[in-house]
Structures are given as structure tokens and as C-alpha cells.
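What follows is one structure encoded as C-alpha cells, with my remarks underneath.
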Amino acid sequence: MLKKVFMAPDPGRIRLRFATRAVLGIGLAVVACGLAGHSLTGAITGGLAALLALFTVTDATVRGQAVTTALMPAVGLPVLAVAAALQDHPVARDAAFLAVVGLGVYARRWGPRGHALGIFAFMLFFAAQFLHARTGQLLELSASVLLSVATAGAVRFGLWCYERRLPPVAVPAPPGGTGLARITTRQAVQATAGAGFALLVGQLVSGERWYWAVGATWWAFVNTTSRGETLVRGFRRVLGTIIGAGLALFVALPAHGDAALTVLVVAVSVFGIFYTAALSYTWMMLWVTVLAAMLYGLLGVLTPSLLALRMAETGVGALGAALAVVFVLPVSTHSVTDAWIQRALRCVHACTAQTAARLAGDPDADPAPTVTELEQLLARVRLSVAPLVHPLNPMLGRKRRARRVLALLDDCAREIRGLVAVAADPEASHDARLAAACWRVEAAVEALTTGRDIELRTAPSATEPALAHLHTLERTLAELSTPLRTPSGSPLVGA
């Protein structure tokens, strides 16, 4: 695991920039709150708002990111006001919290913007419980949120907007549908049910820190679409929390009262959250737990028993999410995985068609955007297949098939990238053999996505780079037909 996190490639140092900018943006937001005379509670609220503004906004364009960031206070501040107003009315507060959970997940149907705004609304309600916010503090807390989001935005879109030099990256939307067939709708119901369980049991475990359980349930549903993904995410959250709590015993407790050490550990924790988020949810949760422990240290309430309580509440929340995805409108890993693979294969088809048109001399044909989309879709396939290749999965046959599918899809992507690179050469030419090879690749994709057999023809060895890539791609697609089918011949990956 250490090698996976610290030795993983970081093309363009994107993760390093992401994490370093987060430390800068959140640090400046907290400093701004301090200079404005805000209390420790206000500074913590502002720091959280800045963290969310820098972490959750993933629109494809910089302009879209700026709009979503600007909308955050408009969505979050009313939720914060409701949470503070209902602090002394437990039944109404709990009902409002569950409503925020359901609506926050349902908002994901509107893509990255709905996703980010849903998280922001949930976390401000959560923060009100964490800080025991009252209506008398609303003016200060609202000012902290506005000031911090503005500061984070100034860093992200002004001081250090490295995204302007990167091509837009479209985040694939979950498989569609209508009504309860839509995954985001089913997840909204699941998350509300799971959060309800976590809220009730969490209050039995602790009448004061119950919201940790609700938070654990909520985050189990973030960036997941199937039963298996949610179960794996819940497991990793519990594991990361346990390891993080153990680390906090040796870091957060000794730092109690030491301002310089506290600032250093908080900065390292923020960096760790942002740097490891794309690599390992377990590691991200480790740093989240250490950060939470440091904040409780600042508030003067950190004890070993509090860390033990956090682990217990996290377990309750993960159990709530697990029960919800298994028994409430379950979304099978197979159905989601199959949908992502189908979309990835259709993207291979689109890449090939665009490349063929480019080689034929069409000046408007540009395969580059479809290659970017393919990379994003393959990332979603890996996430969806993660439950099948997890070390704890006892179904070895399915695990082998899933790994084979991932390997072959990666091979497809490599050949597509090579093909597109050849097509970008202005000296590249097009002939009848290229047209025939492209047609065979497209036919192979059609066969895979419709469940038909692929007719693989023996092609002569090619010296031309484009033909070589196309022939290898055709063979790889033919090899995919075996692991994508059950012995009965039906298309299946994660059954």
C-alpha cells in the first residue's frame, strides 16, 4: 500500500499541485478569518468551506468550476441556518438532516455541479453538529463561509489556476434511466434509509457524537454507483479510520496545546487528503481522521476515548450503508459494471471512427476528446470492478475474469492512444487497408456490445504504425469476448 501511494506515477505533477494548492488555499482562508476577528469556531467553519470548494468541484471547464464555487454559499448557508435553528429540537433536526441527505444525493443526477453542491450542503449541516452551532453564531459563521469560499476561489481561479493549461476533462455521468430505474434516485433512497439507521443507532452509542455515524453513511455513497462499490468504500472508510485513530494517538494527543505543531500536522493532513484521494480511499480517510483529531484538540476535547468513539460511530455508519445497499432498491455490481464497459467500448468505436476520418483527410475530425473520454470511462470501470478484484472477494473465478477484462481494456486504450498519435502526424496517409481495418474494429465493438460473436480474420503483419495498432486492437477486442461472457454465452462481467 505504501508503494501504491508514494511511488504511483503523477503525470504533470497534477496530484502534487492539487494538494499544495489546497494547503495554500485553506491556509489563506483560515488566516483571512483570523484577520477578520472570527472565533475558533468561525475559523474551523471557514477552513471546512475552503476545503470543500477546492476538493469537490470537478466541472469539466474552469468557467463551470467557477460557477459551481460561486453557488456554494447560496446552497450551503440556508442549510447552515436551518441546522443552527433546530439545534435544540432533536426530532425536527434529525428529520431535516435526513432530508438534506436524500436531496444531496438526488442532486447528483445533474452531474458534477449537483454532486458538489449536495456535498457542500450536507457538510455544512454536519459542521453545525460538529461545532454545536447556535443561531447567535450564524452571522459570524456565514461571514466565515463567504470569506473562505472567496479566498479559495481567488487561489483556484486567480493565483494558481493550473487547469487553464490542461484540456477539459469530462466526468462521465452515471448510467441513466427514469424513476426508480435511475441510479441517483435509488441511491438517494438508499442513503436516506442508511442515514436513518446510522442516526438512530449512532444516538444510542453516543447522544453527543452521533453525527459521525451519519457522516460515515453519507461518504460511503460518494462517487459510488453500485452495491459492491459502496460496500468496498465503507470497508475502506472503517480501515482508514482505525489506522488514522491509531496514528492520532501518537500525533494529535502530544500536540495538544502546541500551536506550531498543530499547524504543521493540520497542513500535512490537508496535503495528505488531497494527494491520496485519487489513489486510496483508505489513506485519504487516515488523513481525515488525523485532521479531525487535531481539530478536537484545538477545541480542547480530544481524548483516547473520543478516538475510540469515532471508530465505533464510523462502524455504525458503514453498517447502515451496507444494509441500505443490500436491502433497499439494490443496484447490482454487474449491471453498473456492464453499463460502464458498454460505454467504454462505444468510445473505442468513436475513437476509431474519428481517427479513420482524420487519416482520410477530414480537417474537422479530432479523436483527442474521445481519447480523454475513454480514459475517464476506464477509470469508472476500474472503480466499478474494484469489488470483484478486492482481496476479500472469495469468488476467484469472477476475480480472474474481472482482472482479465481490466487488462484487455487497458490494452485497447494503449492501442487507441498509439493510433491517435499516428493520425496526428501530418505526413500520415490513408489507404484502403486502413479503411478496412477501421471497419473491422468498429464491427468488433458492435459485436461485443450486442452479444454477437466476433469474426476475427487473420490479417497480414503490418509495418505501417496505424495498421499495426488497428490489427492489435482488433485482436484485443476479440479476446475480450471470452471474459465478458458467462459459460452460457450471455454478456456478463460482475454477475
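We label chains A, B, ... in the order they appear in the C-alpha cells, count residues from 1 in each chain, and number ligands from 1 in the order shown.
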
With a distance cut-off of 10 Å and only C-alpha atoms, select the neighbouring residues of Ser148 of chain A, excluding the residue or stretch itself and same-chain residues fewer than 2 positions from it, and output the selection as a CSV table (one decimal) with N, CA and C atoms, in the first residue's frame.
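Output file part.csv follows:
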chain,number,residue,atom,x,y,z
A,25,GLY,N,-4.6,27.4,-0.2
A,25,GLY,CA,-6.0,28.0,-0.2
A,25,GLY,C,-6.6,27.9,1.1
A,26,ILE,N,-6.6,26.8,1.8
A,26,ILE,CA,-7.2,26.6,3.1
A,26,ILE,C,-6.5,27.4,4.1
A,27,GLY,N,-5.1,27.4,4.0
A,27,GLY,CA,-4.4,28.2,5.0
A,27,GLY,C,-4.7,29.7,4.9
A,28,LEU,N,-4.8,30.2,3.7
A,28,LEU,CA,-5.1,31.6,3.5
A,28,LEU,C,-6.6,31.9,3.9
A,29,ALA,N,-7.5,31.0,3.7
A,29,ALA,CA,-8.8,31.2,4.2
A,29,ALA,C,-8.9,31.3,5.7
A,30,VAL,N,-8.2,30.4,6.4
A,30,VAL,CA,-8.2,30.4,7.9
A,30,VAL,C,-7.5,31.7,8.3
A,31,VAL,N,-6.4,32.1,7.7
A,31,VAL,CA,-5.8,33.4,8.1
A,31,VAL,C,-6.7,34.6,7.9
A,32,ALA,N,-7.5,34.6,6.7
A,32,ALA,CA,-8.4,35.7,6.5
A,32,ALA,C,-9.5,35.7,7.6
A,33,CYS,N,-10.0,34.6,8.0
A,33,CYS,CA,-11.0,34.5,9.1
A,33,CYS,C,-10.4,35.1,10.4
A,43,ALA,N,-13.3,30.1,12.3
A,43,ALA,CA,-12.1,29.7,11.5
A,43,ALA,C,-12.2,28.3,11.0
A,45,THR,N,-15.0,26.6,10.6
A,45,THR,CA,-16.1,26.5,9.6
A,45,THR,C,-15.6,27.1,8.3
A,46,GLY,N,-14.8,28.1,8.3
A,46,GLY,CA,-14.2,28.7,7.1
A,46,GLY,C,-13.2,27.7,6.4
A,47,GLY,N,-12.4,27.1,7.2
A,47,GLY,CA,-11.5,26.1,6.7
A,47,GLY,C,-12.1,25.0,6.0
A,48,LEU,N,-13.2,24.5,6.6
A,48,LEU,CA,-14.0,23.4,6.0
A,48,LEU,C,-14.6,23.9,4.7
A,49,ALA,N,-15.2,25.1,4.7
A,49,ALA,CA,-15.8,25.6,3.4
A,49,ALA,C,-14.7,25.7,2.3
A,50,ALA,N,-13.5,26.2,2.7
A,50,ALA,CA,-12.5,26.3,1.7
A,50,ALA,C,-12.1,24.9,1.2
A,51,LEU,N,-11.9,24.0,2.1
A,51,LEU,CA,-11.6,22.6,1.7
A,51,LEU,C,-12.6,22.0,0.7
A,53,ALA,N,-14.6,23.7,-1.2
A,53,ALA,CA,-14.6,24.4,-2.5
A,53,ALA,C,-13.4,24.0,-3.4
A,142,SER,N,-21.6,32.5,8.8
A,142,SER,CA,-21.9,32.9,7.4
A,142,SER,C,-20.8,33.7,6.8
A,143,ALA,N,-20.4,34.7,7.6
A,143,ALA,CA,-19.3,35.5,7.1
A,143,ALA,C,-18.0,34.7,6.8
A,144,SER,N,-17.8,33.7,7.7
A,144,SER,CA,-16.6,32.8,7.5
A,144,SER,C,-16.7,32.0,6.3
A,145,VAL,N,-17.9,31.5,6.0
A,145,VAL,CA,-18.1,30.7,4.8
A,145,VAL,C,-17.9,31.6,3.6
A,146,LEU,N,-18.5,32.7,3.5
A,146,LEU,CA,-18.4,33.6,2.4
A,146,LEU,C,-16.9,34.0,2.1
A,150,ALA,N,-14.6,32.7,-1.0
A,150,ALA,CA,-14.0,33.7,-1.9
A,150,ALA,C,-12.5,33.6,-1.9
A,151,THR,N,-11.9,33.3,-0.8
A,151,THR,CA,-10.4,33.2,-0.7
A,151,THR,C,-10.0,31.9,-1.5
A,152,ALA,N,-10.7,30.8,-1.3
A,152,ALA,CA,-10.3,29.6,-2.0
A,152,ALA,C,-10.5,29.8,-3.5
A,153,GLY,N,-11.6,30.5,-3.9
A,153,GLY,CA,-11.8,30.8,-5.3
A,153,GLY,C,-10.7,31.7,-5.9
A,154,ALA,N,-10.2,32.7,-5.1
A,154,ALA,CA,-9.2,33.6,-5.6
A,154,ALA,C,-7.9,32.8,-5.8

- Item | Val222 of chain A surroundings by only C-alpha atoms, 9 Å radius, close-in-sequence under 6 positions cut, as a ChimeraX atom specification | /A:105,115,119,230,233

- Message: as a PyMOL selection string, please: every residue in segment 38-150 of chain A that DSSP puts in alpha helix (DSSP H).
- Response: chain A and resi 40-55+62-85+90-106+111-130+138-150

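Counting from atom CA of Asp453 of chain A, the distance to atom CA of Thr476 of chain A is 13.8 Å.
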
- Tell me, as JSON, numbers by chain, which residues lie within 10 Å of segment 295-308 of chain A, counting only C-alpha atoms; anything in the same chain fewer than 5 positions away does not count. {"A": [40, 41, 44, 130, 131, 209, 241, 242, 244, 245, 246, 248, 249, 252, 253, 254, 255, 256, 257, 258, 259, 262, 266, 289, 290, 313, 314]}

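Shortest separation to Leu323 of chain A among A:Leu231, A:Trp439, A:Val149, A:Val288 occurs at residue A:Leu231, atoms counted being only C-alpha atoms.
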
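Among the candidates A:Leu138, A:Leu264, A:Leu484, A:Ala318, the residue lying nearest to Thr217 of chain A is A:Ala318 (atoms considered: only C-alpha atoms).
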
- Message: Excluding Phe122 of chain A and its own-chain neighbours fewer than 6 positions away, which residues fall within 9 Å of it when counting only C-alpha atoms? Please give them as a list in words.
- Response: Gly76, Val79, Phe97, Val100, Val101, Gly104, Gly215 and Trp218 of chain A

- Polymer residues at most 12 Å from segment 8-18 of chain A, only C-alpha atoms, same-chain spacing of 2 or more positions, as an NGL selection string: :A and (1-6 or 20-25 or 51 or 54-56 or 155-156 or 160-163 or 165-166 or 270-280)

Filtering to N, CA and C atoms, could you give me those residues as an mmCIF file, in the first residue's frame?
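To be explicit, this is the file written out as out.cif:
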data_model
loop_
_atom_site.group_PDB
_atom_site.id
_atom_site.type_symbol
_atom_site.label_atom_id
_atom_site.label_comp_id
_atom_site.auth_asym_id
_atom_site.auth_seq_id
_atom_site.Cartn_x
_atom_site.Cartn_y
_atom_site.Cartn_z
ATOM 1 N N MET A 1 0.827 -1.211 0.000
ATOM 2 C CA MET A 1 0.000 0.000 0.000
ATOM 3 C C MET A 1 0.863 1.264 0.000
ATOM 4 N N LEU A 2 1.971 1.243 0.760
ATOM 5 C CA LEU A 2 2.856 2.399 0.795
ATOM 6 C C LEU A 2 3.416 2.697 -0.594
ATOM 7 N N LYS A 3 3.815 1.622 -1.302
ATOM 8 C CA LYS A 3 4.359 1.804 -2.643
ATOM 9 C C LYS A 3 3.302 2.366 -3.580
ATOM 10 N N LYS A 4 2.059 1.875 -3.445
ATOM 11 C CA LYS A 4 0.971 2.343 -4.311
ATOM 12 C C LYS A 4 0.768 3.840 -4.160
ATOM 13 N N VAL A 5 0.892 4.353 -2.930
ATOM 14 C CA VAL A 5 0.615 5.766 -2.682
ATOM 15 C C VAL A 5 1.805 6.646 -3.022
ATOM 16 N N PHE A 6 2.992 6.248 -2.560
ATOM 17 C CA PHE A 6 4.133 7.146 -2.677
ATOM 18 C C PHE A 6 4.950 6.945 -3.948
ATOM 19 N N THR A 20 -0.843 20.800 -2.951
ATOM 20 C CA THR A 20 -0.135 22.007 -2.500
ATOM 21 C C THR A 20 -1.049 23.222 -2.563
ATOM 22 N N ARG A 21 -1.828 23.324 -3.638
ATOM 23 C CA ARG A 21 -2.765 24.448 -3.737
ATOM 24 C C ARG A 21 -3.813 24.393 -2.637
ATOM 25 N N ALA A 22 -4.222 23.187 -2.249
ATOM 26 C CA ALA A 22 -5.204 23.053 -1.174
ATOM 27 C C ALA A 22 -4.658 23.592 0.140
ATOM 28 N N VAL A 23 -3.417 23.236 0.461
ATOM 29 C CA VAL A 23 -2.806 23.742 1.698
ATOM 30 C C VAL A 23 -2.745 25.268 1.659
ATOM 31 N N LEU A 24 -2.352 25.811 0.513
ATOM 32 C CA LEU A 24 -2.272 27.267 0.371
ATOM 33 C C LEU A 24 -3.644 27.910 0.496
ATOM 34 N N GLY A 25 -4.625 27.392 -0.247
ATOM 35 C CA GLY A 25 -5.961 27.992 -0.244
ATOM 36 C C GLY A 25 -6.644 27.914 1.112
ATOM 37 N N LEU A 51 -11.944 23.963 2.098
ATOM 38 C CA LEU A 51 -11.572 22.589 1.716
ATOM 39 C C LEU A 51 -12.565 22.020 0.712
ATOM 40 N N LEU A 54 -12.322 23.565 -2.758
ATOM 41 C CA LEU A 54 -11.147 23.145 -3.512
ATOM 42 C C LEU A 54 -11.168 21.662 -3.859
ATOM 43 N N PHE A 55 -11.951 20.882 -3.124
ATOM 44 C CA PHE A 55 -11.914 19.426 -3.263
ATOM 45 C C PHE A 55 -13.041 18.861 -4.112
ATOM 46 N N THR A 56 -14.248 19.388 -3.954
ATOM 47 C CA THR A 56 -15.416 18.720 -4.531
ATOM 48 C C THR A 56 -15.819 19.234 -5.904
ATOM 49 N N VAL A 155 -7.608 31.790 -4.975
ATOM 50 C CA VAL A 155 -6.423 30.952 -5.163
ATOM 51 C C VAL A 155 -6.613 30.036 -6.365
ATOM 52 N N ARG A 156 -7.786 29.414 -6.447
ATOM 53 C CA ARG A 156 -8.019 28.419 -7.502
ATOM 54 C C ARG A 156 -8.137 29.032 -8.890
ATOM 55 N N TRP A 160 -3.509 30.524 -8.726
ATOM 56 C CA TRP A 160 -2.904 29.262 -9.183
ATOM 57 C C TRP A 160 -3.953 28.436 -9.933
ATOM 58 N N CYS A 161 -4.257 28.845 -11.130
ATOM 59 C CA CYS A 161 -5.255 28.122 -11.930
ATOM 60 C C CYS A 161 -4.548 27.277 -12.978
ATOM 61 N N TYR A 162 -3.925 26.170 -12.523
ATOM 62 C CA TYR A 162 -3.204 25.322 -13.466
ATOM 63 C C TYR A 162 -4.130 24.612 -14.449
ATOM 64 N N GLU A 163 -5.441 24.543 -14.131
ATOM 65 C CA GLU A 163 -6.386 23.876 -15.043
ATOM 66 C C GLU A 163 -6.500 24.583 -16.391
ATOM 67 N N ARG A 165 -4.281 25.379 -18.291
ATOM 68 C CA ARG A 165 -3.308 24.819 -19.223
ATOM 69 C C ARG A 165 -3.562 23.349 -19.506
ATOM 70 N N LEU A 166 -4.669 22.837 -19.004
ATOM 71 C CA LEU A 166 -4.999 21.436 -19.216
ATOM 72 C C LEU A 166 -6.246 21.328 -20.081
ATOM 73 N N VAL A 270 -4.014 17.977 5.562
ATOM 74 C CA VAL A 270 -4.718 18.514 4.395
ATOM 75 C C VAL A 270 -4.007 18.083 3.119
ATOM 76 N N PHE A 271 -2.688 18.194 3.112
ATOM 77 C CA PHE A 271 -1.929 17.754 1.944
ATOM 78 C C PHE A 271 -2.177 16.273 1.677
ATOM 79 N N GLY A 272 -2.157 15.466 2.735
ATOM 80 C CA GLY A 272 -2.378 14.034 2.583
ATOM 81 C C GLY A 272 -3.751 13.704 2.036
ATOM 82 N N ILE A 273 -4.771 14.420 2.484
ATOM 83 C CA ILE A 273 -6.140 14.185 1.990
ATOM 84 C C ILE A 273 -6.204 14.406 0.486
ATOM 85 N N PHE A 274 -5.677 15.516 0.035
ATOM 86 C CA PHE A 274 -5.775 15.872 -1.381
ATOM 87 C C PHE A 274 -4.840 15.019 -2.238
ATOM 88 N N TYR A 275 -3.657 14.694 -1.734
ATOM 89 C CA TYR A 275 -2.685 13.954 -2.531
ATOM 90 C C TYR A 275 -3.080 12.491 -2.706
ATOM 91 N N THR A 276 -3.693 11.900 -1.670
ATOM 92 C CA THR A 276 -4.005 10.463 -1.734
ATOM 93 C C THR A 276 -5.424 10.169 -2.192
ATOM 94 N N ALA A 277 -6.274 11.193 -2.329
ATOM 95 C CA ALA A 277 -7.692 10.957 -2.647
ATOM 96 C C ALA A 277 -7.874 10.140 -3.915
ATOM 97 N N ALA A 278 -7.083 10.429 -4.950
ATOM 98 C CA ALA A 278 -7.239 9.730 -6.221
ATOM 99 C C ALA A 278 -6.601 8.347 -6.218
ATOM 100 N N LEU A 279 -5.813 8.048 -5.183
ATOM 101 C CA LEU A 279 -5.076 6.788 -5.147
ATOM 102 C C LEU A 279 -5.684 5.763 -4.208
ATOM 103 N N SER A 280 -6.062 6.205 -3.013
ATOM 104 C CA SER A 280 -6.509 5.255 -1.999
ATOM 105 C C SER A 280 -7.468 5.932 -1.035
#

- Contacts of Arg93 of chain A within 12 Å, only C-alpha atoms, excl. fewer than 4 positions in-chain, as an NGL selection string: :A and (79-89 or 97-100 or 125-126 or 128-129 or 199 or 211)

Could you save those same residues with N, CA and C atoms as a short mmCIF file (atom, residue, chain, number, x, y, z; two decimals), in the first residue's frame?
data_model
loop_
_atom_site.label_atom_id
_atom_site.label_comp_id
_atom_site.auth_asym_id
_atom_site.auth_seq_id
_atom_site.Cartn_x
_atom_site.Cartn_y
_atom_site.Cartn_z
N VAL A 79 -28.88 25.94 4.59
CA VAL A 79 -28.80 24.67 5.32
C VAL A 79 -28.16 24.90 6.68
N LEU A 80 -27.11 25.70 6.72
CA LEU A 80 -26.45 26.02 7.99
C LEU A 80 -27.42 26.72 8.94
N ALA A 81 -28.22 27.64 8.39
CA ALA A 81 -29.19 28.36 9.23
C ALA A 81 -30.24 27.41 9.80
N VAL A 82 -30.73 26.49 8.99
CA VAL A 82 -31.72 25.51 9.47
C VAL A 82 -31.11 24.64 10.56
N ALA A 83 -29.87 24.17 10.32
CA ALA A 83 -29.22 23.31 11.31
C ALA A 83 -29.03 24.02 12.64
N ALA A 84 -28.65 25.29 12.60
CA ALA A 84 -28.46 26.05 13.84
C ALA A 84 -29.79 26.31 14.54
N ALA A 85 -30.83 26.64 13.76
CA ALA A 85 -32.13 26.94 14.34
C ALA A 85 -32.76 25.71 15.00
N LEU A 86 -32.46 24.52 14.48
CA LEU A 86 -33.08 23.30 15.00
C LEU A 86 -32.20 22.57 16.01
N GLN A 87 -31.13 23.19 16.42
CA GLN A 87 -30.19 22.52 17.31
C GLN A 87 -30.84 22.04 18.60
N ASP A 88 -31.82 22.77 19.11
CA ASP A 88 -32.49 22.40 20.37
C ASP A 88 -33.80 21.66 20.13
N HIS A 89 -34.04 21.22 18.90
CA HIS A 89 -35.26 20.48 18.57
C HIS A 89 -34.86 19.18 17.87
N PHE A 97 -31.98 16.74 8.75
CA PHE A 97 -30.71 16.15 8.35
C PHE A 97 -30.93 15.05 7.32
N LEU A 98 -31.91 14.20 7.55
CA LEU A 98 -32.20 13.12 6.60
C LEU A 98 -32.68 13.68 5.26
N ALA A 99 -33.44 14.77 5.32
CA ALA A 99 -33.89 15.41 4.07
C ALA A 99 -32.70 15.95 3.28
N VAL A 100 -31.73 16.54 3.98
CA VAL A 100 -30.53 17.04 3.31
C VAL A 100 -29.75 15.89 2.70
N PHE A 125 -24.43 21.19 7.25
CA PHE A 125 -25.31 20.67 8.31
C PHE A 125 -24.49 19.85 9.30
N PHE A 126 -23.58 19.04 8.77
CA PHE A 126 -22.70 18.23 9.61
C PHE A 126 -21.85 19.12 10.50
N ALA A 128 -22.47 22.06 11.61
CA ALA A 128 -23.28 22.66 12.67
C ALA A 128 -23.39 21.73 13.87
N GLN A 129 -23.46 20.40 13.61
CA GLN A 129 -23.50 19.44 14.70
C GLN A 129 -22.11 19.32 15.35
N LEU A 199 -28.31 7.25 12.18
CA LEU A 199 -28.71 8.29 13.13
C LEU A 199 -29.27 7.67 14.41
N TYR A 211 -23.55 12.18 14.96
CA TYR A 211 -23.46 12.66 13.57
C TYR A 211 -22.29 12.02 12.83
#

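Note that atom CA of Gly102 of chain A and atom CA of Pro387 of chain A are 24.7 Å apart.
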